[in-house]
file final.cif (mmCIF, C-alpha atoms)
data_final
#
loop_
_atom_site.label_atom_id
_atom_site.label_comp_id
_atom_site.auth_asym_id
_atom_site.auth_seq_id
_atom_site.Cartn_x
_atom_site.Cartn_y
_atom_site.Cartn_z
CA MET A 1 189.25 65.05 49.10
CA LYS A 2 192.68 66.25 48.12
CA VAL A 3 194.49 69.50 48.75
CA ARG A 4 197.64 70.49 46.91
CA HIS A 5 200.65 72.28 48.34
CA GLY A 6 200.22 76.00 48.14
CA GLU A 7 196.54 75.81 47.33
CA TYR A 8 194.07 78.32 48.71
CA LEU A 9 190.98 76.36 49.57
CA ALA A 10 187.72 77.70 50.93
CA ILE A 11 185.15 75.45 52.57
CA MET A 12 181.71 76.96 52.49
CA GLY A 13 178.33 75.83 53.63
CA PRO A 14 175.41 76.63 55.88
CA SER A 15 175.53 76.03 59.63
CA GLY A 16 175.19 72.37 60.37
CA SER A 17 176.66 71.34 57.06
CA GLY A 18 179.62 69.77 58.79
CA LYS A 19 181.96 72.51 57.68
CA THR A 20 183.45 73.09 61.13
CA THR A 21 183.76 69.39 61.87
CA LEU A 22 185.59 68.75 58.60
CA PHE A 23 187.80 71.69 59.28
CA ASN A 24 188.64 70.65 62.83
CA VAL A 25 189.38 67.12 61.77
CA ILE A 26 191.76 67.97 58.94
CA GLY A 27 193.40 70.46 61.26
CA ALA A 28 194.24 67.72 63.78
CA ILE A 29 192.34 69.40 66.58
CA ASP A 30 189.56 66.86 66.63
CA LYS A 31 189.36 63.17 65.83
CA PRO A 32 187.04 61.73 63.18
CA THR A 33 184.82 58.81 64.11
CA ARG A 34 185.76 57.09 60.89
CA GLY A 35 188.20 57.62 58.06
CA LYS A 36 191.78 58.65 57.49
CA ILE A 37 193.50 61.94 56.92
CA PHE A 38 196.93 62.19 55.37
CA ILE A 39 199.26 65.14 55.62
CA ASP A 40 202.36 64.47 53.55
CA ASP A 41 201.73 60.72 53.53
CA VAL A 42 201.30 60.54 57.29
CA ASP A 43 197.92 59.42 58.62
CA ILE A 44 197.25 61.96 61.33
CA THR A 45 194.38 59.98 62.82
CA ARG A 46 196.94 57.46 63.99
CA LEU A 47 199.38 59.86 65.61
CA ASP A 48 199.88 59.87 69.37
CA ALA A 49 199.62 62.97 71.55
CA PHE A 50 203.36 63.60 71.30
CA GLU A 51 203.36 63.70 67.53
CA LEU A 52 200.09 65.58 67.32
CA ALA A 53 201.52 68.35 69.45
CA TRP A 54 204.48 68.57 67.11
CA LEU A 55 202.22 68.65 64.08
CA ARG A 56 200.10 71.46 65.49
CA CYS A 57 203.16 73.37 66.51
CA ARG A 58 205.33 73.04 63.42
CA LYS A 59 203.25 72.11 60.44
CA ILE A 60 199.96 73.88 60.96
CA GLY A 61 199.13 77.43 61.95
CA TYR A 62 195.68 78.20 63.34
CA ILE A 63 193.50 81.25 63.03
CA PHE A 64 190.13 81.40 64.75
CA GLN A 65 187.03 83.49 64.44
CA THR A 66 187.33 84.57 68.06
CA PHE A 67 191.08 85.28 67.76
CA ASN A 68 191.86 83.17 70.86
CA LEU A 69 194.88 85.10 72.03
CA ILE A 70 196.15 84.46 75.55
CA PRO A 71 194.82 87.44 77.51
CA VAL A 72 197.62 87.71 80.05
CA LEU A 73 200.39 87.88 77.46
CA THR A 74 201.41 90.81 75.28
CA ALA A 75 201.09 90.68 71.49
CA ALA A 76 204.76 89.81 71.10
CA GLU A 77 204.58 87.09 73.75
CA ASN A 78 201.46 85.65 72.15
CA VAL A 79 203.12 85.43 68.77
CA ALA A 80 206.28 83.99 70.32
CA LEU A 81 204.47 81.17 72.12
CA PRO A 82 204.47 78.55 69.33
CA ALA A 83 208.17 79.20 68.81
CA VAL A 84 208.80 78.54 72.48
CA PHE A 85 207.03 75.21 72.16
CA ALA A 86 209.22 74.52 69.15
CA GLY A 87 212.26 74.85 71.38
CA ARG A 88 213.44 78.37 70.69
CA SER A 89 214.69 80.50 73.55
CA GLN A 90 212.34 83.19 74.76
CA SER A 91 214.51 85.99 73.38
CA GLN A 92 214.87 84.38 69.96
CA ALA A 93 211.16 83.74 69.82
CA VAL A 94 210.23 87.27 70.84
CA ASN A 95 212.62 88.74 68.28
CA LYS A 96 211.06 86.81 65.47
CA ALA A 97 207.64 87.68 66.86
CA LYS A 98 208.46 91.35 66.66
CA GLU A 99 209.57 90.97 63.03
CA LEU A 100 206.31 89.27 62.12
CA LEU A 101 204.20 91.78 63.98
CA THR A 102 205.91 94.59 62.11
CA LEU A 103 205.22 92.72 58.90
CA VAL A 104 201.50 92.63 59.59
CA GLY A 105 201.50 96.28 60.51
CA LEU A 106 201.49 96.11 64.29
CA GLY A 107 205.04 97.25 64.94
CA ASP A 108 203.81 99.90 67.33
CA ARG A 109 201.66 97.53 69.37
CA LEU A 110 204.21 94.90 70.34
CA ASN A 111 203.65 95.17 74.08
CA HIS A 112 199.94 95.66 74.07
CA LYS A 113 197.76 93.07 75.69
CA PRO A 114 194.85 91.72 73.62
CA SER A 115 192.36 93.73 75.66
CA ASN A 116 194.03 96.86 74.32
CA LEU A 117 193.77 95.81 70.70
CA SER A 118 190.87 96.09 68.28
CA GLY A 119 189.36 93.00 66.69
CA GLY A 120 191.22 93.53 63.46
CA GLN A 121 194.49 94.00 65.31
CA GLN A 122 193.92 90.90 67.40
CA GLN A 123 193.32 88.88 64.27
CA ARG A 124 196.51 90.19 62.77
CA VAL A 125 198.37 89.12 65.92
CA ALA A 126 196.74 85.73 65.48
CA ILE A 127 197.97 85.58 61.89
CA ALA A 128 201.49 86.49 62.96
CA ARG A 129 201.26 83.78 65.61
CA ALA A 130 200.13 81.26 63.03
CA LEU A 131 203.16 82.08 60.89
CA ILE A 132 205.96 82.10 63.42
CA ASN A 133 207.05 78.51 62.95
CA ASP A 134 206.90 78.73 59.14
CA PRO A 135 204.08 76.23 58.84
CA GLN A 136 203.15 74.41 55.67
CA ILE A 137 199.46 74.84 56.25
CA ILE A 138 197.35 77.64 57.65
CA LEU A 139 193.92 76.78 58.91
CA ALA A 140 191.61 79.77 59.25
CA ASP A 141 188.20 79.20 60.82
CA GLU A 142 185.94 82.09 59.87
CA PRO A 143 188.82 84.54 60.10
CA THR A 144 186.64 87.48 59.14
CA GLY A 145 183.57 86.40 61.11
CA ASN A 146 183.99 88.97 63.88
CA LEU A 147 185.38 91.76 61.75
CA ASP A 148 183.83 94.61 59.82
CA LEU A 149 183.95 94.78 56.07
CA ARG A 150 187.10 96.81 55.66
CA THR A 151 189.13 94.99 58.32
CA GLY A 152 187.95 91.68 56.93
CA ARG A 153 189.15 92.71 53.52
CA SER A 154 192.63 93.52 54.82
CA VAL A 155 192.83 90.20 56.68
CA ILE A 156 191.89 88.32 53.52
CA ASP A 157 194.50 90.25 51.56
CA LEU A 158 197.06 89.33 54.19
CA LEU A 159 196.18 85.65 53.94
CA LYS A 160 196.35 85.70 50.17
CA ASN A 161 199.71 87.42 50.39
CA VAL A 162 201.07 84.72 52.67
CA ASN A 163 199.67 82.06 50.39
CA GLU A 164 201.31 83.48 47.31
CA GLU A 165 204.64 84.63 48.68
CA LYS A 166 205.44 81.77 51.02
CA ASN A 167 203.56 79.07 49.16
CA VAL A 168 201.69 78.18 52.32
CA THR A 169 198.57 76.09 51.86
CA VAL A 170 195.61 78.04 53.21
CA ILE A 171 192.40 76.29 54.13
CA THR A 172 189.55 78.42 55.38
CA ALA A 173 186.09 77.57 56.58
CA THR A 174 184.01 80.60 55.86
CA HIS A 175 180.72 82.25 55.15
CA ASP A 176 182.44 85.25 53.69
CA LEU A 177 181.77 85.75 49.99
CA LYS A 178 184.82 87.98 49.73
CA MET A 179 186.84 84.76 49.94
CA MET A 180 185.44 83.65 46.62
CA GLY A 181 187.52 86.03 44.61
CA ILE A 182 190.85 84.81 45.90
CA SER A 183 190.39 81.09 46.49
CA ASP A 184 191.90 78.59 44.12
CA ARG A 185 189.10 76.20 44.90
CA ILE A 186 185.86 76.26 46.85
CA LEU A 187 184.14 73.27 48.39
CA TYR A 188 180.47 73.59 49.17
CA LEU A 189 179.24 71.41 51.97
CA ARG A 190 175.68 70.47 52.75
CA ASP A 191 174.41 67.98 55.30
CA GLY A 192 177.83 66.54 55.88
CA LYS A 193 178.68 65.89 52.27
CA ILE A 194 180.53 67.78 49.59
CA GLU A 195 177.79 69.15 47.42
CA ARG A 196 179.92 70.69 44.74
CA GLU A 197 183.30 72.08 44.00
CA GLU A 198 184.31 75.19 42.13
CA THR A 199 187.71 76.17 40.87
CA VAL A 200 189.04 79.56 39.95
CA ALA A 201 188.25 78.78 36.33
CA ASP A 202 184.63 77.99 37.17
CA ILE A 203 184.25 81.21 39.11
CA GLU A 204 185.64 83.19 36.21
CA LEU A 205 183.23 81.51 33.82
CA LYS A 206 180.37 82.29 36.16
CA ARG A 207 181.38 85.91 36.33
CA ALA A 208 181.73 86.13 32.59
CA ALA A 209 178.30 84.55 32.15
CA ALA A 210 176.76 86.90 34.69
CA SER A 211 178.13 89.98 32.98
CA ASP A 212 177.01 88.64 29.61
CA GLU A 213 173.51 88.32 30.97
CA GLN A 214 173.61 91.89 32.15
CA THR A 215 174.56 93.26 28.81
CA LEU A 216 171.93 91.29 26.92
CA MET B 1 217.19 81.87 62.53
CA GLY B 2 218.97 78.56 62.95
CA GLN B 3 217.45 75.20 63.62
CA ALA B 4 214.83 74.91 66.26
CA LYS B 5 215.29 72.33 68.97
CA SER B 6 212.31 70.43 67.70
CA ASP B 7 213.89 69.92 64.29
CA GLN B 8 216.06 67.10 65.56
CA VAL B 9 213.51 65.34 67.68
CA ARG B 10 209.91 65.82 66.71
CA ALA B 11 208.75 66.88 70.14
CA THR B 12 207.48 70.14 71.51
CA THR B 13 209.02 71.45 74.70
CA PHE B 14 208.04 73.92 77.33
CA PRO B 15 210.93 74.80 79.61
CA ILE B 16 210.21 75.06 83.33
CA THR B 17 211.29 78.69 83.31
CA GLN B 18 208.60 79.39 80.75
CA ALA B 19 206.00 77.58 82.81
CA LEU B 20 207.01 79.59 85.85
CA ARG B 21 206.88 82.84 83.93
CA PHE B 22 203.52 81.96 82.50
CA GLY B 23 202.17 81.10 85.94
CA PHE B 24 203.43 84.36 87.40
CA GLU B 25 202.03 86.45 84.57
CA ASP B 26 198.74 84.72 84.93
CA MET B 27 198.47 85.24 88.67
CA ARG B 28 199.51 88.86 88.28
CA ALA B 29 197.10 89.65 85.48
CA ARG B 30 194.17 87.98 87.20
CA GLY B 31 194.87 89.74 90.48
CA THR B 32 191.41 89.65 91.95
CA ARG B 33 190.86 86.01 91.17
CA THR B 34 194.28 85.20 92.63
CA ARG B 35 193.57 87.14 95.81
CA ILE B 36 190.25 85.43 96.32
CA THR B 37 191.85 82.04 95.80
CA VAL B 38 194.60 82.76 98.28
CA LEU B 39 192.08 84.13 100.74
CA SER B 40 189.96 81.03 100.56
CA ILE B 41 192.96 78.79 101.19
CA LEU B 42 194.10 81.11 103.94
CA LEU B 43 190.78 81.00 105.76
CA SER B 44 190.61 77.24 105.70
CA VAL B 45 194.11 76.94 107.12
CA THR B 46 193.44 79.65 109.71
CA PHE B 47 190.57 77.60 111.02
CA MET B 48 192.66 74.47 111.22
CA VAL B 49 195.66 76.04 112.93
CA PHE B 50 193.42 78.01 115.25
CA LEU B 51 191.93 74.78 116.51
CA SER B 52 195.22 73.01 117.01
CA THR B 53 196.73 76.02 118.77
CA MET B 54 193.81 76.27 121.16
CA ALA B 55 194.02 72.54 121.78
CA SER B 56 197.69 72.81 122.71
CA ILE B 57 197.04 75.62 125.15
CA PHE B 58 194.12 73.86 126.78
CA ALA B 59 196.26 70.77 127.05
CA VAL B 60 198.69 72.71 129.18
CA MET B 61 195.83 74.04 131.27
CA THR B 62 194.02 70.80 131.88
CA GLY B 63 197.02 68.55 131.83
CA GLN B 64 195.29 66.39 129.26
CA ALA B 65 197.11 65.74 126.06
CA ALA B 66 195.44 67.41 123.13
CA THR B 67 194.55 64.10 121.61
CA VAL B 68 192.48 63.14 124.62
CA GLN B 69 190.32 66.23 124.63
CA THR B 70 186.80 65.24 123.81
CA HIS B 71 185.98 67.34 120.82
CA TYR B 72 189.49 67.58 119.44
CA PHE B 73 189.47 64.84 116.84
CA LEU B 74 186.08 65.72 115.57
CA LEU B 75 186.99 69.37 115.20
CA GLU B 76 190.27 68.59 113.51
CA ILE B 77 188.52 66.38 111.00
CA ILE B 78 185.99 69.05 110.28
CA ALA B 79 188.80 71.55 109.86
CA LEU B 80 190.52 69.26 107.42
CA LEU B 81 187.33 68.78 105.46
CA VAL B 82 186.72 72.51 105.34
CA CYS B 83 190.22 72.91 103.99
CA LEU B 84 189.80 70.14 101.48
CA VAL B 85 186.48 71.30 100.10
CA GLY B 86 187.41 74.97 100.09
CA VAL B 87 190.73 74.58 98.38
CA THR B 88 189.58 71.97 95.89
CA ASN B 89 186.59 74.03 94.91
CA THR B 90 188.65 77.14 94.44
CA MET B 91 191.27 75.39 92.35
CA LEU B 92 188.60 73.63 90.31
CA MET B 93 187.00 76.96 89.47
CA SER B 94 190.35 78.44 88.67
CA VAL B 95 191.22 75.75 86.17
CA THR B 96 187.75 75.55 84.67
CA GLU B 97 187.86 79.24 83.83
CA ARG B 98 190.80 78.63 81.57
CA PHE B 99 189.61 75.65 79.60
CA LYS B 100 189.44 77.68 76.42
CA GLU B 101 192.92 79.05 76.93
CA ILE B 102 194.27 75.55 77.41
CA GLY B 103 192.59 74.39 74.23
CA VAL B 104 194.33 77.17 72.36
CA MET B 105 197.69 76.29 73.87
CA LYS B 106 197.27 72.75 72.68
CA CYS B 107 196.83 74.11 69.17
CA LEU B 108 200.14 75.87 69.55
CA GLY B 109 201.98 72.73 70.56
CA ALA B 110 201.41 72.26 74.26
CA ARG B 111 201.42 68.68 75.50
CA ASP B 112 199.40 67.37 78.40
CA ARG B 113 202.27 67.59 80.81
CA HIS B 114 203.06 71.18 79.88
CA VAL B 115 199.55 72.22 80.81
CA VAL B 116 199.65 70.29 84.06
CA VAL B 117 203.00 71.84 85.02
CA ILE B 118 201.65 75.35 84.62
CA PHE B 119 198.73 74.64 86.92
CA LEU B 120 200.78 72.69 89.42
CA PHE B 121 203.18 75.55 89.77
CA GLU B 122 200.41 78.07 90.28
CA ALA B 123 198.72 75.81 92.81
CA PHE B 124 202.01 75.47 94.66
CA ILE B 125 202.52 79.21 94.92
CA LEU B 126 198.93 79.82 95.96
CA GLY B 127 199.23 77.02 98.51
CA ILE B 128 202.35 78.52 100.02
CA LEU B 129 200.88 82.00 100.19
CA GLY B 130 197.56 80.88 101.61
CA GLY B 131 199.21 78.33 103.87
CA CYS B 132 201.74 80.67 105.43
CA GLY B 133 199.25 83.46 105.83
CA GLY B 134 196.62 81.16 107.22
CA ALA B 135 198.96 79.33 109.58
CA LEU B 136 200.29 82.53 111.06
CA ALA B 137 196.83 84.04 111.31
CA GLY B 138 195.49 80.88 112.90
CA LEU B 139 198.35 80.78 115.37
CA ALA B 140 197.86 84.39 116.32
CA ALA B 141 194.10 84.02 116.61
CA GLY B 142 194.41 80.85 118.67
CA ALA B 143 196.99 82.37 120.97
CA VAL B 144 195.03 85.57 121.47
CA ALA B 145 191.70 83.82 121.99
CA SER B 146 193.22 81.41 124.49
CA GLY B 147 195.25 84.10 126.16
CA LEU B 148 192.18 86.19 126.79
CA GLN B 149 190.35 83.20 128.21
CA VAL B 150 192.92 81.45 130.32
CA GLY B 151 195.77 83.94 130.63
CA TRP B 152 199.00 84.55 128.76
CA ALA B 153 201.12 82.49 131.07
CA LEU B 154 199.58 79.33 129.74
CA VAL B 155 200.06 80.47 126.18
CA MET B 156 203.77 80.84 126.85
CA GLN B 157 204.04 77.44 128.41
CA VAL B 158 203.41 75.58 125.19
CA PRO B 159 206.78 74.67 123.71
CA LEU B 160 207.72 76.59 120.60
CA GLN B 161 208.26 73.39 118.69
CA GLU B 162 204.65 72.50 119.17
CA TYR B 163 203.51 75.80 117.74
CA GLY B 164 205.98 75.33 114.95
CA ARG B 165 204.52 71.92 114.26
CA HIS B 166 201.04 73.34 113.92
CA VAL B 167 202.24 76.04 111.54
CA ALA B 168 204.16 73.53 109.46
CA THR B 169 201.14 71.23 109.31
CA GLY B 170 199.01 74.13 108.17
CA VAL B 171 201.39 75.16 105.40
CA PHE B 172 201.96 71.60 104.29
CA THR B 173 198.24 70.86 104.21
CA ALA B 174 197.56 73.98 102.19
CA ILE B 175 200.17 73.10 99.59
CA LEU B 176 199.08 69.48 99.42
CA LEU B 177 195.41 70.26 99.03
CA SER B 178 196.09 73.09 96.63
CA VAL B 179 198.13 70.88 94.38
CA LEU B 180 195.76 67.94 94.63
CA GLY B 181 192.75 70.16 94.14
CA SER B 182 194.08 71.47 90.85
CA LEU B 183 195.66 68.24 89.68
CA TYR B 184 192.49 66.48 88.72
CA PRO B 185 190.88 69.29 86.70
CA ALA B 186 194.22 70.21 85.11
CA TYR B 187 194.83 66.64 84.05
CA TYR B 188 191.27 66.32 82.81
CA VAL B 189 191.42 69.34 80.57
CA ALA B 190 194.97 68.62 79.42
CA ARG B 191 193.73 65.39 77.90
CA LEU B 192 190.83 66.88 76.03
CA ARG B 193 191.09 67.45 72.33
CA PRO B 194 191.75 71.14 71.66
CA VAL B 195 188.33 71.61 70.12
CA GLU B 196 186.57 70.11 73.13
CA ALA B 197 188.49 72.35 75.51
CA MET B 198 187.75 75.42 73.42
CA ARG B 199 184.07 74.65 73.29
CA HIS B 200 183.72 75.11 77.03
CA GLU B 201 182.13 78.53 76.93
CA LEU B 202 181.79 80.08 80.34
#
call {"tool": "encode", "arguments": {"input": "final.cif", "output": "structure tokens"}}
result
Amino acid sequence: MKVRHGEYLAIMGPSGSGKTTLFNVIGAIDKPTRGKIFIDDVDITRLDAFELAWLRCRKIGYIFQTFNLIPVLTAAENVALPAVFAGRSQSQAVNKAKELLTLVGLGDRLNHKPSNLSGGQQQRVAIARALINDPQIILADEPTGNLDLRTGRSVIDLLKNVNEEKNVTVITATHDLKMMGISDRILYLRDGKIEREETVADIELKRAAASDEQTL
Amino acid sequence: MGQAKSDQVRATTFPITQALRFGFEDMRARGTRTRITVLSILLSVTFMVFLSTMASIFAVMTGQAATVQTHYFLLEIIALLVCLVGVTNTMLMSVTERFKEIGVMKCLGARDRHVVVIFLFEAFILGILGGCGGALAGLAAGAVASGLQVGWALVMQVPLQEYGRHVATGVFTAILLSVLGSLYPAYYVARLRPVEAMRHEL
């Protein structure tokens, strides 16, 4: 399986298809029992804890279905955290955090704790957090899973925006069909194997065929 | 923004000041949990210091050194065990509650030692608070209980250093047990893969 720089890849499949496991393993947050994974020619299954921490901090940004913000920190502090691990001073980190939060539309909620934010807002904080160290890859695990239709839509738009403007590779594991319209490629998993693959071109063909059928 | 520190050396860092701040924020935000933890440490230490204080006073009364009193050793051991179990259990619960949080922090770049430092610091503070409170409470309770039984004169006869020793032992024990009690679970969870830590739903 190969992923190109700047690609927007969606991994879809029913529960138990191995979607989450694949996702976790390529995201360096779990270890595979067999096999190798290369990010920029480096086999991440052979990295030690030191290097893994660096990878997770600097190269990859994570977004989870359950947001996973630190409850005792404010939005700005949450977003700043990865930058602190990267070695920035607290003030530098918080400044950049505030910029990012304003970018995702939460400029007026900088000092709110997660318990005072809606689901959609928490997810946007999580996205800002994932972006603070200018990662090459964003991993989003069911980012819209806990959100309503409209909020989910805006989160997807945000991700697509980031993908296009900053050329960040976005890999999502998702059930959400709204992802289909904006992904460059979709991998369908079933029973632990890749069942099929669709590219933007395929999806367009499908759509064209479907609308042809309707008119007939 | 200029270069980050981790551009030169590919290592993530977590300055002590940050760990301290994080620990403080955490204890402040989880006020009730913190108070219960401190209380449990405090009670264990109160018991221990109460016993040793009483023993000192009775030593003066009977002329027997505390160590010779029949039930002394047994009671002290029980006190120590009460302390050990109480504090360890409390710290274990405290750390276990935050497994998920720790998993997330590892996704953001935290290394094992960063996680352990945060918990160690919190355990230290809780140990000091519970230890000081408990030692003083135990001393007071022991002095009052003895005073009522055998008179205040005897209470005054015990040298201040001896009382001081009991207090110091109490505080030291609290800190030691607090830190040890949280060390094992903190180290355990710090070494989990992020996904494993995050899966611990509570």
call {"tool": "closest_residue", "arguments": {"input": "final.cif", "among": "B:Leu42, B:Ile118, B:Leu108, B:Val158", "to": "Asn78 of chain A", "atoms": "only C-alpha atoms"}}
result
B:Leu108
call {"tool": "residues_near_point", "arguments": {"input": "final.cif", "point": "(194.7, 74.5, 104.3)", "cutoff": "10 Å", "atoms": "only C-alpha atoms", "output": "PyMOL selection string"}}
result
chain B and resi 40-49+79-87+127-128+130-132+134-135+169-178
call {"tool": "write_last_selection", "arguments": {"input": "final.cif", "atoms": "C-alpha atoms", "output": "PDB file, in the frame of the given file"}}
result
ATOM      1  CA  SER B  40     189.960  81.030 100.560  1.00  0.00           C
ATOM      2  CA  ILE B  41     192.960  78.790 101.190  1.00  0.00           C
ATOM      3  CA  LEU B  42     194.100  81.110 103.940  1.00  0.00           C
ATOM      4  CA  LEU B  43     190.780  81.000 105.760  1.00  0.00           C
ATOM      5  CA  SER B  44     190.610  77.240 105.700  1.00  0.00           C
ATOM      6  CA  VAL B  45     194.110  76.940 107.120  1.00  0.00           C
ATOM      7  CA  THR B  46     193.440  79.650 109.710  1.00  0.00           C
ATOM      8  CA  PHE B  47     190.570  77.600 111.020  1.00  0.00           C
ATOM      9  CA  MET B  48     192.660  74.470 111.220  1.00  0.00           C
ATOM     10  CA  VAL B  49     195.660  76.040 112.930  1.00  0.00           C
ATOM     11  CA  ALA B  79     188.800  71.550 109.860  1.00  0.00           C
ATOM     12  CA  LEU B  80     190.520  69.260 107.420  1.00  0.00           C
ATOM     13  CA  LEU B  81     187.330  68.780 105.460  1.00  0.00           C
ATOM     14  CA  VAL B  82     186.720  72.510 105.340  1.00  0.00           C
ATOM     15  CA  CYS B  83     190.220  72.910 103.990  1.00  0.00           C
ATOM     16  CA  LEU B  84     189.800  70.140 101.480  1.00  0.00           C
ATOM     17  CA  VAL B  85     186.480  71.300 100.100  1.00  0.00           C
ATOM     18  CA  GLY B  86     187.410  74.970 100.090  1.00  0.00           C
ATOM     19  CA  VAL B  87     190.730  74.580  98.380  1.00  0.00           C
ATOM     20  CA  GLY B 127     199.230  77.020  98.510  1.00  0.00           C
ATOM     21  CA  ILE B 128     202.350  78.520 100.020  1.00  0.00           C
ATOM     22  CA  GLY B 130     197.560  80.880 101.610  1.00  0.00           C
ATOM     23  CA  GLY B 131     199.210  78.330 103.870  1.00  0.00           C
ATOM     24  CA  CYS B 132     201.740  80.670 105.430  1.00  0.00           C
ATOM     25  CA  GLY B 134     196.620  81.160 107.220  1.00  0.00           C
ATOM     26  CA  ALA B 135     198.960  79.330 109.580  1.00  0.00           C
ATOM     27  CA  THR B 169     201.140  71.230 109.310  1.00  0.00           C
ATOM     28  CA  GLY B 170     199.010  74.130 108.170  1.00  0.00           C
ATOM     29  CA  VAL B 171     201.390  75.160 105.400  1.00  0.00           C
ATOM     30  CA  PHE B 172     201.960  71.600 104.290  1.00  0.00           C
ATOM     31  CA  THR B 173     198.240  70.860 104.210  1.00  0.00           C
ATOM     32  CA  ALA B 174     197.560  73.980 102.190  1.00  0.00           C
ATOM     33  CA  ILE B 175     200.170  73.100  99.590  1.00  0.00           C
ATOM     34  CA  LEU B 176     199.080  69.480  99.420  1.00  0.00           C
ATOM     35  CA  LEU B 177     195.410  70.260  99.030  1.00  0.00           C
ATOM     36  CA  SER B 178     196.090  73.090  96.630  1.00  0.00           C
TER      37      SER B 178
END
call {"tool": "interface_residues", "arguments": {"input": "final.cif", "of": "chain B", "to": "chain A", "cutoff": "12 Å", "atoms": "only C-alpha atoms", "output": "number ranges by chain"}}
result
B: 1-19, 21-31, 98-115, 190-199, 201
call {"tool": "resolve_selection", "arguments": {"input": "final.cif", "expression": "the PyMOL selection byres ((chain A and resi 180) around 10)", "output": "number ranges by chain"}}
result
A: 9-10, 12, 174-179, 181-186, 198-200, 203
call {"tool": "residues_around", "arguments": {"input": "final.cif", "residues": "Lys36 of chain A", "least_positions_apart": "6", "cutoff": "12 Å", "atoms": "all atoms listed in the file", "output": "PyMOL selection string"}}
result
chain A and resi 1+22+25-26+28+42-47
call {"tool": "atom_distance", "arguments": {"input": "final.cif", "atom1": "atom CA of Ala80 of chain A", "atom2": "atom CA of Val162 of chain A"}}
result
18.4 Å
call {"tool": "resolve_selection", "arguments": {"input": "final.cif", "expression": "the PyMOL selection byres ((chain A and resi 142) around 6)", "output": "JSON, numbers by chain"}}
result
{"A": [65, 141, 143, 144, 145, 173, 174]}
call {"tool": "resolve_selection", "arguments": {"input": "final.cif", "expression": "the PyMOL selection byres ((chain A and resi 112) around 12)", "output": "PyMOL selection string"}}
result
chain A and resi 69-79+101+106-111+113-118+121-122+125
call {"tool": "atom_distance", "arguments": {"input": "final.cif", "atom1": "atom CA of Arg196 of chain A", "atom2": "atom CA of Gly13 of chain A"}}
result
10.4 Å
call {"tool": "atom_distance", "arguments": {"input": "final.cif", "atom1": "atom CA of Tyr72 of chain B", "atom2": "atom CA of Gly142 of chain B"}}
result
14.2 Å
call {"tool": "closest_residue", "arguments": {"input": "final.cif", "among": "B:Thr96, B:Gln161, B:Thr62, B:Thr88", "to": "Leu180 of chain B", "atoms": "all atoms listed in the file"}}
result
B:Thr88
call {"tool": "axis_aligned_box", "arguments": {"input": "final.cif", "around": "segment 41-48 of chain B", "padding_each_side": "6 Å", "output": "JSON"}}
result
{"center_x": 192.3, "center_y": 77.8, "center_z": 106.2, "size_x": 15.5, "size_y": 18.6, "size_z": 22.0}
call {"tool": "residues_around", "arguments": {"input": "final.cif", "residues": "Leu120 of chain B", "least_positions_apart": "3", "cutoff": "8 Å", "atoms": "only C-alpha atoms", "output": "number ranges by chain"}}
result
B: 116-117, 123-124, 179, 182-183
call {"tool": "closest_residue", "arguments": {"input": "final.cif", "among": "B:Asn89, B:Ser94, B:Ser52, B:Gln157", "to": "Glu76 of chain B", "atoms": "all atoms listed in the file"}}
result
B:Ser52
call {"tool": "residues_near_point", "arguments": {"input": "final.cif", "point": "(197.5, 84.2, 54.4)", "cutoff": "10 Å", "atoms": "only C-alpha atoms", "output": "ChimeraX atom specification"}}
result
/A:8,63,127-128,130-131,137-140,155-172
